$ cat query38.cif   # mmCIF, C-alpha atoms and all ligand atoms
data_protein
loop_
_atom_site.label_atom_id
_atom_site.label_comp_id
_atom_site.auth_asym_id
_atom_site.auth_seq_id
_atom_site.Cartn_x
_atom_site.Cartn_y
_atom_site.Cartn_z
CA MET P 11 104.95 87.26 96.00
CA GLY P 12 104.20 88.74 99.44
CA SER P 13 105.22 92.04 101.03
CA ALA P 14 106.02 93.01 104.60
CA THR P 15 103.61 95.06 106.67
CA GLU P 16 104.52 98.49 108.02
CA ALA P 17 105.35 96.84 111.35
CA THR P 18 107.94 94.52 109.85
CA LYS P 19 109.47 96.47 107.03
CA ASP P 20 112.72 97.03 109.01
CA ILE P 21 113.17 93.30 109.60
CA SER P 22 115.38 91.63 107.02
CA GLU P 23 113.08 89.07 105.54
CA ASN P 24 114.56 88.03 102.28
CA LEU P 25 113.90 85.71 99.43
CA LEU P 26 115.75 82.43 99.01
CA GLY P 27 113.77 80.82 96.30
CA ASP P 28 110.32 81.08 97.85
CA LYS P 29 111.63 81.09 101.39
CA LYS P 30 111.86 84.25 103.49
CA VAL P 31 114.32 84.14 106.36
CA THR P 32 115.80 86.23 109.13
CA VAL P 33 119.57 85.89 109.37
CA VAL P 34 122.07 87.03 111.99
CA PHE P 35 125.76 86.75 111.06
CA VAL P 36 127.88 85.71 114.05
CA LEU P 37 131.43 86.90 113.48
CA GLY P 38 134.60 87.08 115.55
CA GLY P 39 138.11 85.72 115.66
CA PRO P 40 138.96 82.03 115.87
CA GLY P 41 138.18 80.81 119.38
CA SER P 42 136.26 83.93 120.40
CA GLY P 43 133.33 81.73 121.51
CA LYS P 44 130.90 81.96 118.58
CA GLY P 45 129.90 78.29 118.59
CA THR P 46 129.53 78.20 122.37
CA GLN P 47 127.16 81.15 122.44
CA CYS P 48 125.23 80.09 119.33
CA ALA P 49 124.19 76.97 121.26
CA ASN P 50 122.79 79.24 124.00
CA ILE P 51 120.97 81.45 121.51
CA VAL P 52 119.41 78.39 119.84
CA GLU P 53 118.18 77.13 123.18
CA HIS P 54 116.63 80.42 124.28
CA TYR P 55 115.53 82.13 121.08
CA GLY P 56 114.62 79.38 118.61
CA PHE P 57 117.21 80.11 115.95
CA THR P 58 118.90 77.40 113.90
CA HIS P 59 122.69 77.46 114.12
CA LEU P 60 124.59 77.11 110.85
CA SER P 61 128.34 77.08 111.38
CA ALA P 62 130.03 77.45 107.99
CA GLY P 63 133.10 75.67 109.37
CA ASP P 64 130.97 72.74 110.61
CA LEU P 65 129.26 72.50 107.21
CA LEU P 66 132.66 72.39 105.50
CA ARG P 67 133.92 69.72 107.93
CA ALA P 68 130.76 67.66 107.28
CA GLU P 69 131.39 68.01 103.55
CA ILE P 70 134.88 66.53 104.03
CA LYS P 71 133.42 63.61 106.00
CA SER P 72 130.74 62.97 103.38
CA GLY P 73 133.41 62.00 100.85
CA SER P 74 132.49 64.89 98.55
CA GLU P 75 134.69 65.58 95.52
CA ASN P 76 135.60 68.89 97.19
CA GLY P 77 136.66 67.14 100.41
CA THR P 78 140.42 67.11 99.84
CA MET P 79 140.48 70.72 98.70
CA ILE P 80 138.44 71.83 101.73
CA GLN P 81 140.63 69.83 104.12
CA ASN P 82 143.78 71.42 102.71
CA MET P 83 142.32 74.92 102.95
CA ILE P 84 141.26 74.38 106.58
CA LYS P 85 144.69 73.02 107.52
CA GLU P 86 146.24 76.18 106.09
CA GLY P 87 143.64 78.48 107.64
CA LYS P 88 142.63 79.64 104.16
CA ILE P 89 139.17 80.67 102.98
CA VAL P 90 137.33 78.07 100.90
CA PRO P 91 135.93 79.43 97.59
CA SER P 92 132.63 81.25 98.07
CA GLU P 93 130.60 79.06 95.73
CA VAL P 94 131.32 75.97 97.84
CA THR P 95 130.39 77.54 101.19
CA ILE P 96 127.38 79.43 99.84
CA LYS P 97 125.97 76.27 98.26
CA LEU P 98 126.25 74.47 101.62
CA LEU P 99 124.58 77.35 103.47
CA GLN P 100 121.85 77.72 100.89
CA THR P 101 121.05 74.00 101.00
CA ALA P 102 121.04 73.99 104.81
CA ILE P 103 118.61 76.93 104.90
CA LEU P 104 116.29 75.44 102.31
CA GLU P 105 116.26 72.00 103.94
CA ASN P 106 115.43 73.45 107.35
CA GLY P 107 111.86 74.20 108.44
CA ASN P 108 112.95 77.15 110.56
CA ASP P 109 113.03 80.72 109.26
CA LYS P 110 115.57 82.18 111.73
CA PHE P 111 119.24 81.39 111.27
CA LEU P 112 122.50 82.20 113.00
CA ILE P 113 125.21 82.00 110.36
CA ASP P 114 128.43 81.50 112.31
CA GLY P 115 131.86 82.17 110.81
CA PHE P 116 130.62 83.47 107.46
CA PRO P 117 131.11 85.74 105.51
CA ARG P 118 134.86 85.40 105.93
CA ASN P 119 135.86 88.06 103.41
CA GLU P 120 134.31 90.78 101.29
CA GLU P 121 134.01 88.46 98.31
CA ASN P 122 132.07 85.93 100.46
CA ARG P 123 129.79 88.72 101.62
CA ALA P 124 129.03 90.17 98.21
CA ALA P 125 128.54 86.73 96.61
CA PHE P 126 126.19 85.60 99.39
CA GLU P 127 124.05 88.72 99.12
CA ARG P 128 123.97 88.40 95.32
CA VAL P 129 123.14 84.68 95.22
CA THR P 130 120.68 84.43 98.11
CA GLY P 131 119.31 87.96 98.31
CA ILE P 132 119.82 87.75 102.07
CA VAL P 133 120.87 90.83 104.02
CA PRO P 134 121.54 90.14 107.70
CA GLU P 135 119.26 91.54 110.37
CA PHE P 136 122.48 92.42 112.23
CA VAL P 137 125.98 91.14 112.88
CA LEU P 138 126.83 89.81 116.33
CA PHE P 139 130.55 90.50 116.69
CA PHE P 140 132.66 88.73 119.31
CA ASP P 141 135.49 90.98 120.40
CA CYS P 142 138.39 89.13 122.05
CA SER P 143 142.17 89.46 122.25
CA GLU P 144 144.41 87.11 120.27
CA GLU P 145 146.11 86.07 123.50
CA GLU P 146 142.81 84.85 124.97
CA MET P 147 141.65 83.25 121.70
CA GLU P 148 144.94 81.38 121.37
CA ARG P 149 144.62 80.07 124.92
CA ARG P 150 141.08 78.84 124.20
CA LEU P 151 141.95 77.20 120.89
CA LEU P 152 144.95 75.36 122.32
CA GLY P 153 142.71 74.10 125.14
CA ARG P 154 139.71 73.16 122.96
CA ASN P 155 140.69 69.53 122.49
CA GLN P 156 138.18 68.62 119.81
CA GLY P 157 140.75 67.10 117.48
CA ARG P 158 140.48 69.88 114.90
CA VAL P 159 143.31 69.87 112.34
CA ASP P 160 143.57 73.65 112.61
CA ASP P 161 143.86 73.92 116.41
CA ASN P 162 147.67 73.95 116.42
CA ILE P 163 149.84 76.99 116.94
CA GLU P 164 151.10 77.13 113.35
CA THR P 165 147.58 77.15 111.82
CA ILE P 166 146.20 79.37 114.58
CA LYS P 167 148.71 82.12 113.65
CA LYS P 168 147.62 81.84 110.01
CA ARG P 169 143.94 82.00 111.00
CA PHE P 170 144.57 85.17 113.03
CA LYS P 171 146.28 86.78 110.02
CA VAL P 172 143.41 85.87 107.68
CA PHE P 173 140.92 87.15 110.25
CA VAL P 174 142.60 90.55 110.54
CA GLU P 175 143.32 90.98 106.84
CA SER P 176 140.16 89.50 105.29
CA SER P 177 137.39 89.07 107.87
CA LEU P 178 137.60 92.33 109.84
CA PRO P 179 136.83 94.35 106.67
CA VAL P 180 133.48 92.53 106.54
CA VAL P 181 132.74 93.69 110.08
CA GLU P 182 133.80 97.21 109.11
CA HIS P 183 131.43 97.09 106.14
CA TYR P 184 128.48 96.25 108.38
CA GLU P 185 129.68 98.76 110.96
CA SER P 186 129.36 101.46 108.29
CA LEU P 187 125.72 100.35 107.85
CA GLY P 188 125.08 100.51 111.62
CA LYS P 189 124.45 96.77 111.74
CA VAL P 190 127.12 95.57 114.19
CA LYS P 191 126.31 94.58 117.77
CA ARG P 192 129.65 94.16 119.51
CA ILE P 193 130.06 91.82 122.46
CA ASP P 194 132.94 91.73 124.93
CA ALA P 195 133.75 88.06 124.36
CA ALA P 196 136.67 88.01 126.80
CA LYS P 197 134.27 87.68 129.73
CA PRO P 198 133.33 84.30 131.21
CA ILE P 199 130.76 82.29 129.21
CA PRO P 200 127.68 83.09 131.37
CA GLU P 201 128.48 86.82 131.37
CA VAL P 202 128.88 86.88 127.59
CA PHE P 203 125.47 85.26 127.27
CA GLU P 204 123.89 87.83 129.61
CA ASP P 205 125.05 90.54 127.19
CA ILE P 206 123.76 88.56 124.21
CA LYS P 207 120.38 88.11 125.88
CA VAL P 208 119.87 91.87 125.98
CA ILE P 209 120.30 92.00 122.21
CA PHE P 210 118.09 89.02 121.36
CA SER P 211 115.36 89.91 123.85
CA SER P 212 115.10 93.32 122.27
CA LEU P 213 114.92 91.69 118.84
CA ALA P 214 112.23 89.30 120.07
CA SER P 215 110.17 92.20 121.32
CA LYS P 216 110.14 93.59 117.78
CA VAL P 217 108.18 91.66 115.22
CA MET P 218 110.39 88.61 114.63
CA LYS P 219 108.10 86.36 112.80
CA LEU P 220 107.73 86.11 109.09
CA VAL P 221 104.72 87.96 107.73
CA ILE P 222 103.47 86.93 104.35
CA ILE P 223 100.60 88.81 102.84
CA SER P 224 99.19 87.23 99.77
CA SER P 225 98.76 89.76 97.06
N1 LIG U 301 133.81 83.17 127.25
C1 LIG U 301 134.64 82.12 127.28
N2 LIG U 301 135.56 82.00 128.24
C2 LIG U 301 136.40 80.94 128.27
N3 LIG U 301 136.38 79.92 127.38
C3 LIG U 301 135.48 80.00 126.39
C4 LIG U 301 134.56 81.08 126.29
N4 LIG U 301 133.77 80.88 125.22
C5 LIG U 301 134.17 79.72 124.67
N5 LIG U 301 135.19 79.19 125.36
C6 LIG U 301 135.93 77.97 125.05
O1 LIG U 301 136.85 78.32 124.03
C7 LIG U 301 136.93 77.31 123.03
C8 LIG U 301 136.53 77.93 121.71
O2 LIG U 301 135.14 78.25 121.76
P1 LIG U 301 134.22 78.11 120.45
O3 LIG U 301 134.46 76.80 119.83
O4 LIG U 301 132.85 78.46 120.87
O5 LIG U 301 134.84 79.28 119.58
P2 LIG U 301 134.58 79.68 118.05
O6 LIG U 301 134.54 81.16 118.00
O7 LIG U 301 133.42 78.94 117.54
O8 LIG U 301 135.92 79.15 117.39
P3 LIG U 301 136.19 78.77 115.86
O9 LIG U 301 136.15 80.06 115.10
O10 LIG U 301 137.57 78.18 115.88
O11 LIG U 301 135.14 77.81 115.43
C9 LIG U 301 136.04 76.18 123.49
O12 LIG U 301 136.83 75.22 124.16
C10 LIG U 301 135.06 76.85 124.47
O13 LIG U 301 134.61 75.99 125.48
O1 LIG U 302 132.95 80.50 105.61
C1 LIG U 302 133.93 79.80 105.93
C2 LIG U 302 134.05 79.19 107.17
C3 LIG U 302 135.16 78.44 107.45
N1 LIG U 302 136.12 78.27 106.52
C4 LIG U 302 137.29 77.43 106.79
O2 LIG U 302 137.05 76.58 107.91
C5 LIG U 302 137.98 76.89 108.94
C6 LIG U 302 137.37 76.70 110.27
O3 LIG U 302 136.27 77.59 110.43
P1 LIG U 302 135.60 77.82 111.88
O4 LIG U 302 134.64 78.95 111.71
O5 LIG U 302 136.73 78.18 112.79
O6 LIG U 302 134.96 76.54 112.27
C7 LIG U 302 138.48 78.28 108.62
O7 LIG U 302 139.74 78.59 109.17
C8 LIG U 302 138.53 78.24 107.10
O8 LIG U 302 139.66 77.51 106.66
C9 LIG U 302 136.01 78.87 105.29
O9 LIG U 302 136.90 78.74 104.43
N2 LIG U 302 134.91 79.62 105.02
MG MG U 303 133.20 77.62 115.88
#
$ encode --input "query38.cif" --output "structure tokens" --more "lines below"
Ligand SMILES: Nc1ncnc2c1ncn2[C@@H]1O[C@H](COP(=O)(O)OP(=O)(O)OP(=O)(O)O)[C@@H](O)[C@H]1O
Ligand SMILES: O=c1ccn([C@@H]2O[C@H](COP(=O)(O)O)[C@@H](O)[C@H]2O)c(=O)[nH]1
Ligand SMILES: [Mg+2]
Amino acid sequence: MGSATEATKDISENLLGDKKVTVVFVLGGPGSGKGTQCANIVEHYGFTHLSAGDLLRAEIKSGSENGTMIQNMIKEGKIVPSEVTIKLLQTAILENGNDKFLIDGFPRNEENRAAFERVTGIVPEFVLFFDCSEEEMERRLLGRNQGRVDDNIETIKKRFKVFVESSLPVVEHYESLGKVKRIDAAKPIPEVFEDIKVIFSSLASKVMKLVIISS
């Protein structure tokens, strides 16, 4: 087992089996622009983007035995059981050669958060939080046009409720640890990314890479 040097001890490099990774949780309301900006971060900063929602949608498409249950939960805007989502995230991390991940749209509630930390041992480097009004998010979701079963006004209202009641407490938890970097996500896309760049450039100037010292 290795240990971090003095220079990297504040970087969250954690064990996932034998793999040590740096993770940023990307959180924010439905339609706040998480996926859009994750694509920009991937392009500029070499992270791998893992959208929990995309992994769940891929699981439905794969014909998995959990597919019908997941589809029903998504249609209702409900949170899929932790063990299902964590397994998908864990597999995606282990199968990927990268060691830097943006985990988008997870953890969705406190139980997700605690289970993920317990199972994977991963603590996020920080949480990138997209702050946006419901009015603006609703406008974006109704205009998204990607054929998602949950982009209709009835499900959107349910998703907003779940976000406020279950997901915001996760942000508050990380806020209490000083780990939240809040972004004004109501701005136009290029301006939001300018703000994100400040955060990731400062992270890149710290020691970002994994340091393994054989003992
Ligand atoms: N800053 C922005 N201004 C205007 N439109 C935006 C902005 N960011 C994203 N959008 C648009 O809003 C829609 C939702 O964006 P995106 O899919 O990135 O959100 P999300 O947070 O990933 O949503 P979800 O939680 O539902 O997956 C998309 O059509 C996207 O093009
Ligand atoms: O960790 C998660 C992530 C997502 N879900 C379900 O999927 C939909 C869509 O998620 P997006 O992040 O908007 O793509 C969400 O409303 C949940 O039903 C989940 O259960 N757990
Ligand atoms: Mg998304």
$ residues_around --input "query38.cif" --residues "Asp114 (chain P)" --least-positions-apart "3" --cutoff "9 Å" --atoms "all atoms listed in the file" --output "PyMOL selection string"
chain P and resi 34-38+44-45+48+59-63+117
$ residues_near_ligand --input "query38.cif" --ligand "ligand LIG 302 (chain U)" --cutoff "8 Å" --atoms "only C-alpha atoms and all ligand atoms" --output "number ranges by chain"
P: 40-41, 61-64, 66-67, 80, 83-92, 95, 114-118, 122, 160, 169
$ atom_distance --input "query38.cif" --atom1 "atom O12 of ligand LIG 301 (chain U)" --atom2 "CA of Arg123 (chain P)"
27.2 Å
$ closest_residue --input "query38.cif" --among "P:Ile96, P:Phe170, P:Gln156, P:Lys71" --to "Glu127 (chain P)" --atoms "all atoms listed in the file"
P:Ile96
$ closest_residue --input "query38.cif" --among "P:Val94, P:Leu178, P:Leu151, P:Ile163" --to "ligand LIG 301 (chain U)" --atoms "only C-alpha atoms and all ligand atoms"
P:Leu151
$ atom_distance --input "query38.cif" --atom1 "CA of Asp141 (chain P)" --atom2 "CA of Arg192 (chain P)"
6.7 Å
$ atom_distance --input "query38.cif" --atom1 "CA of Leu152 (chain P)" --atom2 "CA of Ala195 (chain P)"
17.1 Å
$ closest_residue --input "query38.cif" --among "P:Arg158, P:Lys110, P:His183, P:Lys30" --to "ligand MG 303 (chain U)" --atoms "only C-alpha atoms and all ligand atoms"
P:Arg158
$ closest_residue --input "query38.cif" --among "P:Ala214, P:Ala49, P:Val129, P:Val31" --to "Ile199 (chain P)" --atoms "only C-alpha atoms"
P:Ala49
$ closest_residue --input "query38.cif" --among "P:His54, P:Val137, P:Met147, P:Ser72" --to "ligand MG 303 (chain U)" --atoms "all atoms listed in the file"
P:Met147
$ closest_residue --input "query38.cif" --among "P:Ser74, P:Asp28, P:Met79, P:Leu112" --to "ligand MG 303 (chain U)" --atoms "only C-alpha atoms and all ligand atoms"
P:Leu112
$ residues_around --input "query38.cif" --residues "Arg128 (chain P)" --least-positions-apart "2" --cutoff "12 Å" --atoms "only C-alpha atoms" --output "PDB file with C-alpha atoms, keeping the file's coordinate frame"
ATOM      1  CA  ASN P  24     114.560  88.030 102.280  1.00  0.00           C
ATOM      2  CA  LEU P  25     113.900  85.710  99.430  1.00  0.00           C
ATOM      3  CA  LEU P  26     115.750  82.430  99.010  1.00  0.00           C
ATOM      4  CA  SER P  92     132.630  81.250  98.070  1.00  0.00           C
ATOM      5  CA  GLU P  93     130.600  79.060  95.730  1.00  0.00           C
ATOM      6  CA  ILE P  96     127.380  79.430  99.840  1.00  0.00           C
ATOM      7  CA  GLU P 121     134.010  88.460  98.310  1.00  0.00           C
ATOM      8  CA  ASN P 122     132.070  85.930 100.460  1.00  0.00           C
ATOM      9  CA  ARG P 123     129.790  88.720 101.620  1.00  0.00           C
ATOM     10  CA  ALA P 124     129.030  90.170  98.210  1.00  0.00           C
ATOM     11  CA  ALA P 125     128.540  86.730  96.610  1.00  0.00           C
ATOM     12  CA  PHE P 126     126.190  85.600  99.390  1.00  0.00           C
ATOM     13  CA  THR P 130     120.680  84.430  98.110  1.00  0.00           C
ATOM     14  CA  GLY P 131     119.310  87.960  98.310  1.00  0.00           C
ATOM     15  CA  ILE P 132     119.820  87.750 102.070  1.00  0.00           C
ATOM     16  CA  VAL P 133     120.870  90.830 104.020  1.00  0.00           C
TER      17      VAL P 133
END
$ residues_around --input "query38.cif" --residues "Ile193 (chain P)" --least-positions-apart "5" --cutoff "8 Å" --atoms "only C-alpha atoms" --output "PyMOL selection string"
chain P and resi 138-141+202+205-206
$ decode --input "query38.cif" --residues "region 65-108 of chain P" --atoms "C-alpha atoms" --output "PDB file, in the first residue's frame"
ATOM      1  CA  LEU P  65     -25.275   5.173 -16.390  1.00  0.00           C
ATOM      2  CA  LEU P  66     -28.792   4.342 -15.206  1.00  0.00           C
ATOM      3  CA  ARG P  67     -30.251   5.042 -18.665  1.00  0.00           C
ATOM      4  CA  ALA P  68     -27.573   2.802 -20.227  1.00  0.00           C
ATOM      5  CA  GLU P  69     -28.501   0.086 -17.734  1.00  0.00           C
ATOM      6  CA  ILE P  70     -32.125   0.271 -18.913  1.00  0.00           C
ATOM      7  CA  LYS P  71     -31.008  -0.021 -22.545  1.00  0.00           C
ATOM      8  CA  SER P  72     -28.749  -2.980 -21.780  1.00  0.00           C
ATOM      9  CA  GLY P  73     -31.773  -5.095 -20.878  1.00  0.00           C
ATOM     10  CA  SER P  74     -30.597  -5.506 -17.280  1.00  0.00           C
ATOM     11  CA  GLU P  75     -32.932  -7.181 -14.782  1.00  0.00           C
ATOM     12  CA  ASN P  76     -33.092  -3.816 -12.985  1.00  0.00           C
ATOM     13  CA  GLY P  77     -34.124  -2.000 -16.169  1.00  0.00           C
ATOM     14  CA  THR P  78     -37.861  -1.807 -15.552  1.00  0.00           C
ATOM     15  CA  MET P  79     -37.415  -0.701 -11.952  1.00  0.00           C
ATOM     16  CA  ILE P  80     -34.929   2.014 -12.985  1.00  0.00           C
ATOM     17  CA  GLN P  81     -37.185   3.220 -15.804  1.00  0.00           C
ATOM     18  CA  ASN P  82     -40.132   3.525 -13.429  1.00  0.00           C
ATOM     19  CA  MET P  83     -38.076   5.421 -10.855  1.00  0.00           C
ATOM     20  CA  ILE P  84     -36.778   7.865 -13.479  1.00  0.00           C
ATOM     21  CA  LYS P  85     -40.280   8.483 -14.842  1.00  0.00           C
ATOM     22  CA  GLU P  86     -41.396   9.360 -11.317  1.00  0.00           C
ATOM     23  CA  GLY P  87     -38.303  11.442 -10.569  1.00  0.00           C
ATOM     24  CA  LYS P  88     -37.447   9.092  -7.698  1.00  0.00           C
ATOM     25  CA  ILE P  89     -33.993   8.094  -6.472  1.00  0.00           C
ATOM     26  CA  VAL P  90     -32.850   4.626  -7.530  1.00  0.00           C
ATOM     27  CA  PRO P  91     -31.562   2.451  -4.634  1.00  0.00           C
ATOM     28  CA  SER P  92     -27.967   3.271  -3.713  1.00  0.00           C
ATOM     29  CA  GLU P  93     -26.587  -0.208  -4.310  1.00  0.00           C
ATOM     30  CA  VAL P  94     -27.616  -0.100  -7.978  1.00  0.00           C
ATOM     31  CA  THR P  95     -26.101   3.323  -8.720  1.00  0.00           C
ATOM     32  CA  ILE P  96     -22.965   2.743  -6.663  1.00  0.00           C
ATOM     33  CA  LYS P  97     -22.275  -0.546  -8.433  1.00  0.00           C
ATOM     34  CA  LEU P  98     -22.531   1.212 -11.811  1.00  0.00           C
ATOM     35  CA  LEU P  99     -20.226   4.024 -10.686  1.00  0.00           C
ATOM     36  CA  GLN P 100     -17.731   1.651  -9.128  1.00  0.00           C
ATOM     37  CA  THR P 101     -17.577  -0.480 -12.280  1.00  0.00           C
ATOM     38  CA  ALA P 102     -17.200   2.596 -14.490  1.00  0.00           C
ATOM     39  CA  ILE P 103     -14.306   3.879 -12.366  1.00  0.00           C
ATOM     40  CA  LEU P 104     -12.536   0.531 -12.268  1.00  0.00           C
ATOM     41  CA  GLU P 105     -12.939  -0.074 -16.005  1.00  0.00           C
ATOM     42  CA  ASN P 106     -11.542   3.345 -16.877  1.00  0.00           C
ATOM     43  CA  GLY P 107      -7.810   4.013 -17.205  1.00  0.00           C
ATOM     44  CA  ASN P 108      -8.164   7.573 -15.940  1.00  0.00           C
TER      45      ASN P 108
END
